[in-house]
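Okay, entry-v1.txt now, which holds compact mmCIF, C-alpha atoms and all ligand atoms:
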```
# COMPACT_ATOMS: atom_id res chain seq x y z
CA MET O 7 -20.56 26.37 -3.76
CA MET O 8 -19.42 28.29 -6.80
CA GLY O 9 -22.76 28.93 -8.47
CA LYS O 10 -24.46 30.00 -5.26
CA SER O 11 -21.78 32.35 -3.98
CA CYS O 12 -21.52 33.90 -7.40
CA ALA O 13 -25.20 34.59 -7.78
CA SER O 14 -25.61 35.94 -4.26
CA SER O 15 -22.64 38.25 -4.10
CA SER O 16 -21.85 39.28 -7.64
CA ASN O 17 -24.00 42.41 -7.40
CA SER O 18 -22.16 43.87 -4.44
CA TRP O 19 -18.86 42.85 -5.95
CA ASN O 20 -19.74 44.57 -9.19
CA SER O 21 -20.68 47.83 -7.53
CA ARG O 22 -17.72 47.72 -5.20
CA LEU O 23 -15.01 46.59 -7.58
CA LYS O 24 -16.11 47.96 -10.93
CA ASN O 25 -13.92 51.00 -10.51
CA THR O 26 -10.87 49.15 -9.28
CA VAL O 27 -10.48 46.46 -11.93
CA LEU O 28 -10.23 47.73 -15.46
CA CYS O 29 -9.73 45.72 -18.60
CA LYS O 30 -7.43 46.72 -21.42
CA HIS O 31 -10.21 48.89 -22.81
CA ASN O 32 -9.87 50.88 -19.57
CA ILE O 33 -13.46 50.07 -18.69
CA GLY O 34 -14.75 48.16 -15.71
CA ALA O 35 -14.20 44.44 -15.98
CA VAL O 36 -17.07 42.11 -15.11
CA LEU O 37 -17.07 39.13 -12.83
CA LYS O 38 -17.42 35.78 -14.51
CA THR O 39 -17.13 32.17 -13.52
CA VAL O 40 -14.86 29.75 -15.34
CA LYS O 41 -17.00 27.25 -17.20
CA HIS O 42 -14.38 24.93 -18.64
CA GLY O 43 -10.93 23.58 -17.92
CA GLU O 44 -8.95 23.03 -14.78
CA HIS O 45 -10.16 26.22 -13.07
CA VAL O 46 -13.89 25.45 -13.35
CA GLY O 47 -15.88 27.35 -10.73
CA LYS O 48 -13.26 30.00 -10.15
CA THR O 49 -14.34 33.59 -10.39
CA PHE O 50 -12.43 35.96 -12.60
CA TYR O 51 -12.59 39.43 -14.08
CA GLY O 52 -13.10 39.53 -17.79
CA CYS O 53 -13.60 42.16 -20.42
CA SER O 54 -17.17 43.44 -20.33
CA LEU O 55 -17.31 43.53 -24.12
CA TRP O 56 -16.64 39.81 -24.37
CA PRO O 57 -17.26 37.93 -26.57
CA TYR O 58 -17.98 40.55 -29.25
CA ASN O 59 -15.13 42.98 -28.76
CA SER O 60 -13.01 41.42 -26.07
CA CYS O 61 -9.56 42.75 -25.32
CA GLY O 62 -8.68 39.41 -23.80
CA PHE O 63 -8.46 40.75 -20.26
CA PHE O 64 -8.46 37.99 -17.69
CA GLN O 65 -7.74 38.08 -13.97
CA PHE O 66 -8.69 35.65 -11.23
CA VAL O 67 -10.48 37.04 -8.22
CA ASP O 68 -8.63 36.65 -4.95
CA VAL O 69 -11.67 35.08 -3.31
CA MET O 70 -10.52 31.63 -4.27
CA THR O 71 -7.03 32.17 -2.94
CA GLU O 72 -8.62 33.56 0.21
CA SER O 73 -10.45 30.31 0.75
CA GLU O 74 -7.23 28.48 -0.03
CA ASP O 75 -5.57 30.63 2.60
CA LEU O 76 -8.35 29.65 4.97
CA GLU O 77 -7.63 26.02 4.24
CA LYS O 78 -3.96 26.67 4.95
CA LYS O 79 -4.95 28.45 8.15
CA ASN O 80 -7.08 25.50 9.16
CA ASP O 81 -4.17 23.22 8.34
CA LEU O 82 -1.90 25.34 10.50
CA LEU O 83 -4.48 25.40 13.29
CA GLU O 84 -4.70 21.63 13.07
CA LYS O 85 -0.92 21.38 13.24
CA MET O 86 -0.84 23.77 16.17
CA LYS O 87 -3.45 21.65 17.93
CA ASN O 88 -1.32 18.57 17.36
CA LEU O 89 1.74 20.42 18.61
CA LYS O 90 -0.20 21.51 21.69
CA ILE O 91 -1.25 17.93 22.33
CA LYS O 92 2.37 16.84 21.91
CA ASN O 93 3.41 19.66 24.21
CA GLU O 94 0.89 18.49 26.81
CA LYS O 95 2.20 14.97 26.49
CA LEU O 96 5.77 16.23 26.92
CA LYS O 97 4.66 18.20 29.97
CA MET O 98 3.16 15.02 31.38
CA VAL O 99 6.44 13.20 30.76
CA VAL O 100 8.34 16.02 32.47
CA VAL O 101 5.95 15.87 35.44
CA GLU O 102 6.42 12.11 35.63
CA LEU O 103 10.20 12.56 35.45
CA ASN O 104 10.02 15.15 38.22
CA ILE O 105 8.01 12.73 40.34
CA GLU O 106 10.63 10.04 39.68
CA ILE O 107 13.40 12.47 40.63
CA MET O 108 11.50 13.43 43.80
CA LYS O 109 11.15 9.77 44.68
CA HIS O 110 14.86 9.25 44.14
CA ARG O 111 15.69 12.30 46.23
CA LYS O 112 13.38 11.03 48.97
CA SER O 113 15.06 7.64 48.97
CA GLU O 114 18.46 9.38 48.96
CA LYS O 115 17.35 11.35 52.01
CA LEU O 116 16.11 8.16 53.61
CA VAL O 117 19.47 6.51 52.97
CA ILE O 118 21.28 9.50 54.49
CA VAL O 119 18.93 9.49 57.50
CA ALA O 120 19.44 5.74 57.92
CA LEU O 121 23.21 6.19 57.73
CA LEU O 122 23.11 9.00 60.32
CA VAL O 123 20.89 6.95 62.62
CA SER O 124 23.14 3.92 62.34
CA LEU O 125 26.18 6.14 62.93
CA VAL O 126 24.59 7.60 66.06
CA LEU O 127 23.58 4.12 67.23
CA PHE O 128 27.11 2.88 66.54
CA ALA O 129 28.57 5.83 68.40
CA MET O 130 26.21 5.22 71.35
CA PHE O 131 27.10 1.54 71.25
CA VAL O 132 30.80 2.32 71.26
CA TYR O 133 30.36 5.00 73.93
CA SER O 134 28.32 2.78 76.25
CA ASN O 135 30.82 -0.04 75.95
CA SER O 136 33.85 2.05 76.84
ZN ZN V 201 -11.86 45.01 -22.58
```

Reformat the file's structure so that it appears as structure tokens.
Amino acid sequence: MMGKSCASSSNSWNSRLKNTVLCKHNIGAVLKTVKHGEHVGKTFYGCSLWPYNSCGFFQFVDVMTESEDLEKKNDLLEKMKNLKIKNEKLKMVVVELNIEIMKHRKSEKLVIVALLVSLVLFAMFVYSNS
């Protein structure tokens, strides 16, 4: 990943960013890739006079942090997906609860209707007997 992206895009980067990133010599820094250590593969700006007359200028290019940001974004997207799935599940639970409540209400209504009917029947029974 590192070697390829460097070779393919370093030219445009150089022409675009030469004026913006200056080393301590106040001349355009050049893009380099870290060859050793824990940051191997990372792109950085270094003094263009290195190694003969280097001022020691060193600055990582944001490209790597951008891809790290992308990873974070993907992580967040993944989390959002999971949250959405959980949300859907919760919605399903709520729907099921609503159905349960409806059932209960229906049976409550049925009980009330049954009570009313029995009351009416009782009243009719009492009325017809008197
Ligand atoms: Zn320099």

For this session: Would you please work out which residue, of O:Val27, O:Leu96, O:Ala120, O:Ile33, is nearest to ligand ZN 201 (chain V) when using only C-alpha atoms and all ligand atoms?
Result: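 Going through O:Val27, O:Leu96, O:Ala120, O:Ile33 one by one, the smallest distance to ligand ZN 201 (chain V) is for O:Ile33.
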
Exercise. Between atom CA of O:Glu44 and atom CA of O:Ser60, what is the distance, to one decimal in Å?
Worked result: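 A separation of 22.0 Å between them.
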
For this session: In Å, rounded to a single decimal, give me how far atom CA of O:Val67 is from atom CA of O:Phe50.
Result: 4.9 Å

For this session: Report as a list in words which protein, DNA and RNA residues come within 8 Å of ligand ZN 201 (chain V), using all atoms listed in the file.
Result: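 Those within range of ligand ZN 201 (chain V) are Leu28, Cys29, Lys30, His31, Asn32, Ile33, Ala35, Gly52, Cys53, Ser54, Leu55, Trp56, Asn59, Ser60, Cys61, Gly62 and Phe63 of chain O.
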
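If you look at atom CA of O:Ile91 and atom CA of O:His110, they are 28.5 Å away from each other.
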
Adding 3 Å on each side of the box along x, y and z that holds all listed atoms of stretch 77-87 of chain O, could you give its centre and edge lengths in Å to one decimal, as AutoDock Vina command-line options?
```
--center_x -4.2 --center_y 24.9 --center_z 11.1 --size_x 12.8 --size_y 13.1 --size_z 19.7
```

For this session: Between O:Thr39, O:Gln65, O:Asn93, O:Asn80, single out the one closest to O:Tyr51, counting only C-alpha atoms.
Result: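 Closest candidate: O:Gln65.
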
Problem set entry | O:Asp75, O:Tyr58, O:Val101, O:Phe64 ranked by distance to O:Lys38, top pick (using all atoms listed in the file) |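 Ranking O:Asp75, O:Tyr58, O:Val101, O:Phe64 by distance to O:Lys38, first place goes to O:Phe64.
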